[in-house]
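Asker: My questions all concern the structure below.
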Amino acid sequence: MLETWPHRADLAEAAITERHASRLWGLPRTNLATVAWPPSWRESTFWHWHYWWQAHYLDCQIDAAVRRRTPQRRRRINDTLRGICLRSRGNVTANRYYDDKAWLALAWNRALSVDGVDYTKQLSALEFDILAGLDPVTGVLPWRKNETFYNVPANGPAAILFARTGRLDKAREVTDWIYDNLVADTGLIQDGLRMRMHGPEAVNKIYTYNQGTVLGASVEIALALRHDVGLGHRDPVDSFDHSDRADASVFYVTHIRALVESIALHLATPQGVLLCPPHETRDGDGALFKGILARYLADVAVRLPEDSRENIATKRVASRMVIASAESLWEHRLEVDGLPVFASEWTQDARLPHNYGLGPSSISEAVGLLRIDERDLSVQLSGWMLLEAAAKVAAAQAR
């Protein structure tokens with residue numbers, strides 16, 4: 001079983017490399033992923049810039065390289081970073097959306113752990129831009145520049161980034177704001193707050209990836225606080241002593257337990273397979289959401305300390321959801337030329353993105369009305385993310 005998930009993740013990587021990986025405008029030493037398969041000319045020429053899809057494409061490549069480093073994977077990561085820089089016209093901070101920039105900074109920061117990867121100047125500019133975007137009144141990021149909508153899609157990944165880059169105070173401020181303002185009665189995390197003339201107005205939609213990023217931020221913060229206590233660390237300007245740090249770590253761990261339980265109750269089948277909420281799209285941007293949740297459930301399953309019965313139970317529930325989802329994804333896949341095509345809904349059979357020139361199978365397809373979700377890169381990346389998460393969980397269970 002240990003070798004099953006890495007092998008399946010390798011096949012997912014091979015499928016995306018075969019069908020989606022492409023040079024940017026034919027330039028050597030560049031790599032981006034076309035956003036659909038088979039692509040239209042607009043998609044194959046990267047006419048539109050899917051900034052945050054490429055960030056997740058990069059993140060998946062890093063997952064594979066961390067699992068098993070090869071020269072080919074290292075080269076492709078470098079080529080992808082070069083492609084992102086060029087397609088951004090040399091300015092990765094020009095994007096108005098802070099969620100997009102936070103995702104890219106997260107992946108880029110991880111990329112630096114791979115030997116031979118070095119684009120630190122651009123990453124530093126990106127991180128500074130995100131920090132500078134924090135609203136001085138709320139202390140959190142707006143969804144985009146000159147916006148009064150403060151949401152989890154921007155602040156969840158930013159909080160993870162802050163925690164990983166030593167800005168623990170910022171990570172805590174952002175994450176605490178989410179817990180103070182956006183926890184629904186179900187225990188799940190709502191989307192955000194929109195500032196109106198009459199006051200804040202909650203946007204109460206539930207999205208799977210918001211649960212994932214809040215889990216990811218809470219894990220990073222809890223572990224950083226425990227590490228500081230273990231080292232006897234105390235910053236001279238820090239108002240928190242060791243006991244305060246220990247208590248604060250327990251605060252985040254308690255939230256992790258509650259959130260994992262709520263996800264299992266409300267966003268998964270009884271068998272543990274992750275599901276889309278009714279309003280969450282299964283194609284386009286929405287197709288990435290469940291894969292992101294799986295990534296951070298795996299983080300809980302692998303990294304949450306096993307120092308209490310409650311933590312052990314939470315790790316088991318998180319592991320179960322990752323593995324059950326991966327099993328269902330694999331069971332419902334198609335195979336084309338020996339490589340998988342994943343379904344957008346992990347409990348349903350995948351559909352072929354096209355009919356290989358055999359002619360339209362229906363009137364709706366003939367006039368271009370039929371939308372096959374599986375054609376989108378986002379759907380396939382989400383499957384790859386899930387399989388990398390399963391490989392990570394399986395490796396941890398085997399230790």
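Identifiers in the structure tokens: chain A, B, ... in order shown; residue index from 1 per chain; ligand index from 1 in order shown.
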Can you tell me which residues surround region 108-122 of chain A at a distance of at most 9 Å, considering only C-alpha atoms, apart from same-chain residues fewer than 4 positions away, and format the answer as a list in words?

Answerer: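 Using only C-alpha atoms, the neighbours found are Ala55, Leu58, Asp59, Gln61, Ile62, Ala65, Val66, Arg69, Arg74, Arg75, Ile77, Asn78, Leu81, Arg82, Cys85, Gly90, Asn91, Val92, Thr93, Trp103, Leu104, Leu126, Glu127, Leu161, Arg164 and Thr165 of chain A.
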
Asker: Let me see the file: selected residues, N, CA and C atoms, as a compact mmCIF listing (two decimals), in the first residue's frame.

Answerer:
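What follows is the written file again15.txt:
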```
# COMPACT_ATOMS: atom_id res chain seq x y z
N ALA A 55 0.20 28.74 -9.98
CA ALA A 55 0.77 28.61 -8.64
C ALA A 55 0.53 27.20 -8.09
N LEU A 58 2.70 24.71 -9.89
CA LEU A 58 4.03 24.75 -9.29
C LEU A 58 4.05 23.99 -7.97
N ASP A 59 3.04 24.19 -7.14
CA ASP A 59 2.98 23.52 -5.84
C ASP A 59 2.94 22.00 -5.99
N GLN A 61 4.19 20.29 -8.50
CA GLN A 61 5.54 19.88 -8.91
C GLN A 61 6.47 19.78 -7.71
N ILE A 62 6.33 20.71 -6.77
CA ILE A 62 7.16 20.68 -5.57
C ILE A 62 6.81 19.47 -4.71
N ALA A 65 8.63 16.66 -6.18
CA ALA A 65 10.07 16.76 -5.97
C ALA A 65 10.45 16.49 -4.52
N VAL A 66 9.63 16.91 -3.58
CA VAL A 66 9.89 16.62 -2.17
C VAL A 66 9.78 15.12 -1.91
N ARG A 69 13.20 13.48 -5.37
CA ARG A 69 13.88 14.53 -6.14
C ARG A 69 14.59 13.91 -7.34
N ARG A 74 13.51 19.13 -10.89
CA ARG A 74 14.14 20.39 -10.53
C ARG A 74 14.17 21.34 -11.71
N ARG A 75 14.51 20.83 -12.89
CA ARG A 75 14.53 21.68 -14.09
C ARG A 75 13.14 22.22 -14.40
N ILE A 77 10.66 22.77 -12.36
CA ILE A 77 10.30 23.81 -11.40
C ILE A 77 10.94 25.13 -11.77
N ASN A 78 12.23 25.11 -12.09
CA ASN A 78 12.92 26.33 -12.53
C ASN A 78 12.28 26.91 -13.78
N LEU A 81 8.94 28.58 -12.87
CA LEU A 81 9.14 29.89 -12.27
C LEU A 81 9.52 30.93 -13.33
N ARG A 82 10.37 30.52 -14.26
CA ARG A 82 10.76 31.44 -15.34
C ARG A 82 9.55 31.77 -16.21
N CYS A 85 7.31 34.26 -14.37
CA CYS A 85 7.88 35.61 -14.40
C CYS A 85 7.68 36.27 -15.76
N GLY A 90 7.48 40.20 -16.04
CA GLY A 90 8.53 40.56 -15.11
C GLY A 90 8.05 41.17 -13.81
N ASN A 91 6.74 41.26 -13.61
CA ASN A 91 6.20 41.89 -12.41
C ASN A 91 5.10 41.02 -11.81
N VAL A 92 5.48 40.10 -10.93
CA VAL A 92 4.51 39.16 -10.36
C VAL A 92 3.60 39.84 -9.34
N THR A 93 3.91 41.08 -8.94
CA THR A 93 3.06 41.79 -7.98
C THR A 93 1.97 42.63 -8.64
N TRP A 103 -1.13 32.65 -2.98
CA TRP A 103 -0.91 31.27 -3.45
C TRP A 103 0.44 31.14 -4.14
N LEU A 104 0.76 32.11 -4.97
CA LEU A 104 2.05 32.04 -5.67
C LEU A 104 3.20 32.16 -4.69
N LEU A 126 7.23 39.93 -3.87
CA LEU A 126 5.87 39.42 -3.74
C LEU A 126 5.44 39.40 -2.26
N GLU A 127 6.31 38.91 -1.39
CA GLU A 127 5.99 38.86 0.04
C GLU A 127 5.80 40.26 0.61
N LEU A 161 1.58 31.66 4.86
CA LEU A 161 2.83 32.27 4.40
C LEU A 161 3.51 33.03 5.54
N ARG A 164 5.12 30.66 8.01
CA ARG A 164 6.29 29.96 7.48
C ARG A 164 7.50 30.88 7.30
N THR A 165 7.26 32.17 7.21
CA THR A 165 8.36 33.10 6.96
C THR A 165 8.73 33.89 8.22
```

Asker: Mind listing the alpha helix (DSSP H) residues of region 202-290 of chain A, per DSSP on the backbone, as number ranges by chain?

Answerer: A: 208-230, 242-266, 289-290

Asker: Compare A:Ile160, A:Ala36, A:Ala9, A:Ile206 by their minimum atom-to-atom distance to Ile263 (chain A), counting only C-alpha atoms, and give me the closest one.

Answerer: A:Ile206

Asker: Please list as a list in words every residue within 7 Å of region 332-338 of chain A, counting only C-alpha atoms and excluding residues in the same chain fewer than 5 positions away.

Answerer: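 That gives Ala343, Gln348, Asp349 and Ala350 of chain A.
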
Asker: Take the residues just selected and output them with N, CA and C atoms as a short mmCIF file (atom, residue, chain, number, x, y, z; two decimals), in the first residue's frame.

Answerer:
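File produced: part.cif:
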```
data_model
loop_
_atom_site.label_atom_id
_atom_site.label_comp_id
_atom_site.auth_asym_id
_atom_site.auth_seq_id
_atom_site.Cartn_x
_atom_site.Cartn_y
_atom_site.Cartn_z
N ALA A 343 -12.15 12.74 -12.40
CA ALA A 343 -13.48 13.35 -12.37
C ALA A 343 -13.46 14.61 -11.53
N GLN A 348 -18.09 10.39 -8.55
CA GLN A 348 -18.73 10.10 -9.84
C GLN A 348 -17.67 9.76 -10.89
N ASP A 349 -18.11 9.03 -11.93
CA ASP A 349 -17.19 8.64 -12.99
C ASP A 349 -16.73 9.85 -13.79
N ALA A 350 -15.47 9.83 -14.16
CA ALA A 350 -14.91 10.89 -15.02
C ALA A 350 -15.50 10.79 -16.42
#
```

Asker: Using only C-alpha atoms, determine which residues lie at most 9 Å from region 207-222 of chain A, disregarding the query and same-chain residues fewer than 4 positions distant; provide the list as a PyMOL selection string.

Answerer: chain A and resi 152-153+155-164+168+171-172+175+178-179+188-191+226-227+246+248-253+255-256+259-260+263+267+274-277+279-280+286+288-297+299-300+303-304

Asker: Figure out the distance between CA of Leu387 (chain A) and CA of Glu310 (chain A), please, to one decimal in Å.

Answerer: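 Between CA of Glu310 (chain A) and CA of Leu387 (chain A) the gap works out to 26.3 Å.
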
Asker: In Å, with one decimal, what is the gap from CA of Tyr51 (chain A) to CA of Asp10 (chain A)?

Answerer: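 Computed distance, CA of Tyr51 (chain A) to CA of Asp10 (chain A), equals 24.2 Å.
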
Asker: Find the residues around region 375-386 of chain A up to 9 Å (only C-alpha atoms counted), leave out those fewer than 2 positions away in its own chain, and share them as number ranges by chain.

Answerer: A: 8-13, 15-16, 20, 33-39, 53, 56-57, 59-60, 63, 282-295, 322-323, 325-326, 329-330, 340-346, 351-354, 371-373, 388-391
